[in-house]
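Colleague: Pasting my_file23.txt below, which is compact mmCIF, C-alpha atoms.
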# COMPACT_ATOMS: atom_id res chain seq x y z
CA ARG A 299 70.45 90.48 69.12
CA LYS A 300 70.91 88.13 66.21
CA LEU A 301 74.23 86.98 67.63
CA TYR A 302 72.43 85.75 70.75
CA GLU A 303 69.62 83.91 68.98
CA ASP A 304 69.40 80.17 69.47
CA GLN A 305 71.75 78.35 67.15
CA PRO A 306 71.49 74.96 65.48
CA TRP A 307 74.08 72.37 66.40
CA LEU A 308 77.55 73.84 65.79
CA THR A 309 80.91 72.18 65.34
CA PRO A 310 83.51 73.04 67.99
CA GLU A 311 85.22 75.36 65.48
CA LYS A 312 81.97 77.18 64.69
CA THR A 313 81.23 77.46 68.41
CA VAL A 314 84.59 79.16 68.99
CA GLU A 315 83.97 81.45 66.00
CA LEU A 316 80.52 82.43 67.28
CA ARG A 317 81.90 83.07 70.77
CA GLU A 318 84.60 85.35 69.33
CA ARG A 319 82.08 87.22 67.16
CA ARG A 320 79.81 87.70 70.17
CA LYS A 321 82.68 88.97 72.29
CA ALA A 322 83.89 91.40 69.61
CA ALA A 323 80.36 92.69 69.00
CA ALA A 324 79.75 93.13 72.74
CA GLU A 325 83.01 95.05 73.20
CA GLU A 326 82.23 97.28 70.24
CA LEU A 327 78.70 98.01 71.46
CA ALA A 328 79.93 98.82 74.99
CA ARG A 329 82.62 101.10 73.52
CA ARG A 330 80.09 102.92 71.33
CA ILE A 331 77.69 103.43 74.23
CA GLY A 332 80.53 104.68 76.42
CA ASN A 333 81.67 107.18 73.79
CA SER A 334 78.18 108.53 73.04
CA GLY A 335 76.54 111.57 74.54
CA PRO A 336 74.07 111.44 77.43
CA GLU A 337 71.14 111.31 75.02
CA ILE A 338 71.87 107.61 74.39
CA VAL A 339 71.32 106.60 78.02
CA PRO A 340 67.48 106.49 77.92
CA GLN A 341 67.64 104.39 74.74
CA VAL A 342 70.06 101.94 76.35
CA HIS A 343 67.97 101.78 79.52
CA THR A 344 64.86 101.00 77.47
CA ALA A 345 66.79 98.34 75.54
CA ILE A 346 67.83 96.73 78.85
CA ARG A 347 64.22 96.65 80.00
CA GLU A 348 63.07 95.11 76.72
CA ALA A 349 65.93 92.66 76.15
CA PRO A 350 64.62 89.08 76.19
CA ARG A 351 67.92 87.56 77.37
CA SER A 352 70.15 88.29 80.32
CA ARG A 353 73.23 88.17 78.07
CA GLU A 354 71.92 91.13 76.09
CA LYS A 355 71.20 93.06 79.27
CA LEU A 356 74.73 92.41 80.54
CA VAL A 357 76.29 93.77 77.35
CA LEU A 358 74.16 96.91 77.50
CA MET A 359 74.97 97.39 81.18
CA ASP A 360 78.65 97.15 80.32
CA GLY A 361 78.09 100.07 77.96
CA LEU A 362 76.49 102.12 80.73
CA GLY A 363 79.47 101.35 82.97
CA ASN A 364 81.73 102.81 80.27
CA HIS A 365 79.56 105.94 79.99
CA ALA A 366 80.98 108.51 82.41
CA SER A 367 77.81 110.44 83.13
CA ALA A 368 75.39 110.96 85.99
CA GLU A 369 72.64 109.81 83.62
CA ALA A 370 74.32 106.42 83.17
CA VAL A 371 74.76 106.13 86.94
CA ASP A 372 71.05 106.83 87.43
CA ALA A 373 70.15 104.22 84.80
CA LEU A 374 72.36 101.59 86.45
CA GLU A 375 70.79 102.35 89.82
CA GLU A 376 67.33 101.89 88.28
CA VAL A 377 68.40 98.60 86.69
CA PHE A 378 69.58 97.44 90.12
CA THR A 379 66.19 98.32 91.60
CA GLU A 380 64.11 96.92 88.73
CA GLU A 381 65.84 93.62 88.06
CA GLU A 382 65.07 90.57 90.16
CA LEU A 383 67.89 88.25 89.06
CA ALA A 384 70.86 88.35 91.41
CA ARG A 385 73.28 88.14 88.46
CA LEU A 386 71.86 91.33 86.95
CA LYS A 387 71.88 93.12 90.29
CA GLN A 388 75.53 92.11 90.72
CA GLU A 389 76.36 93.40 87.26
CA ALA A 390 74.71 96.74 88.02
CA LEU A 391 76.94 97.06 91.10
CA ARG A 392 79.98 95.98 89.10
CA GLN A 393 79.30 98.58 86.44
CA LEU A 394 78.76 101.28 89.06
CA GLY A 395 82.18 100.34 90.40
CA ASN A 396 83.63 100.72 86.90
CA SER A 397 81.83 104.00 86.23
CA GLU A 398 83.49 107.39 86.29
CA GLY A 399 80.06 109.04 86.41
CA GLU A 400 79.16 111.45 89.19
CA GLY A 401 77.47 109.71 92.11
CA ALA A 402 78.57 106.19 91.12
CA ASN A 403 79.50 105.27 94.69
CA ALA A 404 76.23 106.21 96.40
CA LEU A 405 74.37 102.93 95.78
CA LEU A 406 77.53 100.90 96.43
CA ILE A 407 77.96 102.54 99.83
CA ASP A 408 74.29 102.08 100.69
CA GLN A 409 74.34 98.39 99.73
CA MET A 410 77.59 97.78 101.62
CA LEU A 411 76.32 99.39 104.81
CA ASN A 412 72.57 98.71 104.65
CA GLY A 413 71.97 95.99 102.06
CA GLU A 414 69.97 92.97 103.11
CA ASP A 415 71.72 90.57 100.73
CA PRO A 416 75.21 89.70 102.06
CA GLU A 417 76.52 88.72 98.62
CA LEU A 418 75.47 92.03 97.10
CA ALA A 419 76.87 93.90 100.09
CA GLN A 420 80.19 92.11 99.68
CA MET A 421 80.27 92.92 95.97
CA ALA A 422 79.48 96.56 96.73
CA ALA A 423 82.39 96.68 99.17
CA ALA A 424 84.66 95.14 96.53
CA MET A 425 83.59 97.67 93.90
CA LEU A 426 84.68 100.50 96.21
CA HIS A 427 88.29 99.30 95.97
CA GLY A 428 90.60 102.28 95.77
CA GLU A 429 87.83 104.88 96.14
CA ALA A 430 89.32 107.55 98.40
CA GLY A 431 85.97 109.32 98.65
CA ALA A 432 84.48 106.21 100.23
CA LEU A 433 87.11 105.82 102.98
CA ASP A 434 84.81 106.91 105.82
CA SER A 435 82.06 104.56 104.65
CA LEU A 436 84.51 101.68 104.23
CA LEU A 437 85.73 102.27 107.79
CA ALA A 438 82.13 102.39 109.04
CA CYS A 439 81.68 98.97 107.44
CA VAL A 440 84.87 97.54 108.97
CA TYR A 441 83.78 98.64 112.44
CA GLY A 442 80.09 97.91 111.84
CA GLY A 443 77.86 94.91 112.30
CA GLN A 444 78.04 93.47 108.79
CA ALA A 445 79.13 89.89 108.14
CA VAL A 446 82.86 89.40 108.40
CA GLU A 447 83.23 88.67 104.67
CA ILE A 448 81.83 92.12 103.87
CA ARG A 449 84.10 93.76 106.41
CA LEU A 450 87.16 91.96 105.04
CA GLU A 451 86.28 93.16 101.56
CA ALA A 452 86.07 96.70 102.94
CA VAL A 453 89.55 96.29 104.44
CA HIS A 454 90.85 95.23 101.03
CA SER A 455 89.16 98.23 99.39
CA ILE A 456 90.80 100.58 101.89
CA GLY A 457 94.17 99.08 100.99
CA GLY A 458 93.48 99.88 97.35
CA ILE A 459 93.20 103.59 98.15
CA GLY A 460 96.93 103.73 98.77
CA THR A 461 97.06 107.05 100.62
CA ASP A 462 98.64 107.92 103.97
CA GLU A 463 95.12 108.35 105.35
CA ALA A 464 94.18 104.83 104.22
CA HIS A 465 97.39 103.45 105.73
CA ALA A 466 96.59 105.15 109.03
CA ALA A 467 93.05 103.75 108.90
CA LEU A 468 94.39 100.21 108.46
CA ASP A 469 96.89 100.76 111.28
CA GLY A 470 93.91 101.73 113.42
CA VAL A 471 92.16 98.50 112.50
CA VAL A 472 95.26 96.48 113.46
CA SER A 473 95.41 98.10 116.90
CA SER A 474 91.64 97.98 117.48
CA ASP A 475 89.49 95.64 119.56
CA LEU A 476 88.09 93.99 116.43
CA GLU A 477 88.32 90.22 116.06
CA ASP A 478 91.72 88.75 115.21
CA ARG A 479 90.67 87.71 111.71
CA VAL A 480 89.94 91.32 110.68
CA LYS A 481 93.10 92.65 112.34
CA THR A 482 95.26 90.01 110.65
CA TYR A 483 93.69 90.77 107.30
CA ALA A 484 94.40 94.49 107.81
CA GLU A 485 98.05 93.67 108.58
CA LYS A 486 98.33 91.65 105.38
CA GLU A 487 96.66 94.45 103.44
CA ILE A 488 99.23 96.93 104.76
CA GLU A 489 102.04 94.59 103.65
CA ARG A 490 100.44 94.14 100.23
CA SER A 491 99.45 97.72 99.54
CA PHE A 492 101.99 99.99 101.16
Output the file's structure in the form of structure tokens.
Modeller:
Amino acid sequence: RKLYEDQPWLTPEKTVELRERRKAAAEELARRIGNSGPEIVPQVHTAIREAPRSREKLVLMDGLGNHASAEAVDALEEVFTEEELARLKQEALRQLGNSEGEGANALLIDQMLNGEDPELAQMAAAMLHGEAGALDSLLACVYGGQAVEIRLEAVHSIGGIGTDEAHAALDGVVSSDLEDRVKTYAEKEIERSF
């Protein structure tokens, strides 16, 4: 926390030095959290709740994203629910997308398909990029009633899966009755990904 305390006026050189120290400390903390056992997750979650600055919360959330456990996934989902700032909600989704923990895709899928905030829904769709287990949900989004930006992100995420099944799904989008913009994007995704 001391690294994020308010600083007196700094020279440009000292500003760069502080930025580098902050970055190195943040990376080390996230690595340590990620390499710890599940018993650290409640401590990290409490620290997120008590952190006075968003920057500190973001660093701690990065650590949870590196922690491949169901406990870390649960904590990130709670952070998403508890936090009011859009930036922190976005980071929770981003870290769920980075997580290898069991159940990491559940909130992403729910936000993509049912979320009321289009920006969060679009981010959720983006964080499902390459997730073969989410193919059916991504297709439901593409053919659903979400905003076109969310649906285009879902098309891109399907392309990231890279399987024959994903290729066939995109072929289906191209030959569907969907609007031309979505079909054209699916064609480009096929060219890019397969």
Colleague: Can you tell me which residues surround segment 427-429 of chain A at a distance of at most 6 Å, considering all atoms listed in the file, apart from same-chain residues fewer than 5 positions away, and format the answer as a ChimeraX atom specification?
Modeller: /A:455,458-459
Colleague: Interatomic distance between atom CA of Ala452 of chain A and atom CA of Ala422 of chain A?
Modeller: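 It comes out at 9.1 Å.
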Colleague: Need the shell around Glu398 of chain A: protein/DNA/RNA residues with any atom at most 8 Å away, counting all atoms listed in the file. Skip same-chain ones fewer than 4 positions apart. Format as JSON, numbers by chain?
Modeller: {"A": [363, 364, 365, 366, 367, 402]}
Colleague: Might I get the box with edges along x, y and z of the file that holds all atoms of segment 330-348 of chain A listed there, padded by 3 Å on every side, given as centre and edge lengths in Å to one decimal, as lines of an AutoDock Vina configuration file?
Modeller:
center_x = 72.4
center_y = 103.3
center_z = 75.7
size_x = 24.6
size_y = 22.5
size_z = 14.7
Colleague: Env of segment 408-416 of chain A: 8 Å cut, atoms = only C-alpha atoms, seq-sep filter 6 positions within chain, self excluded. Answer as a VMD selection string.
Modeller: chain A and resid 422 to 423 435 438 to 439 444 to 445 448
Colleague: Between A:Ala432, A:Ala322, A:Leu386, A:Val471, single out the one closest to Ile346 of chain A, counting all atoms listed in the file.
Modeller: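 Looking at the shortest contact to Ile346 of chain A, the residue is A:Leu386.
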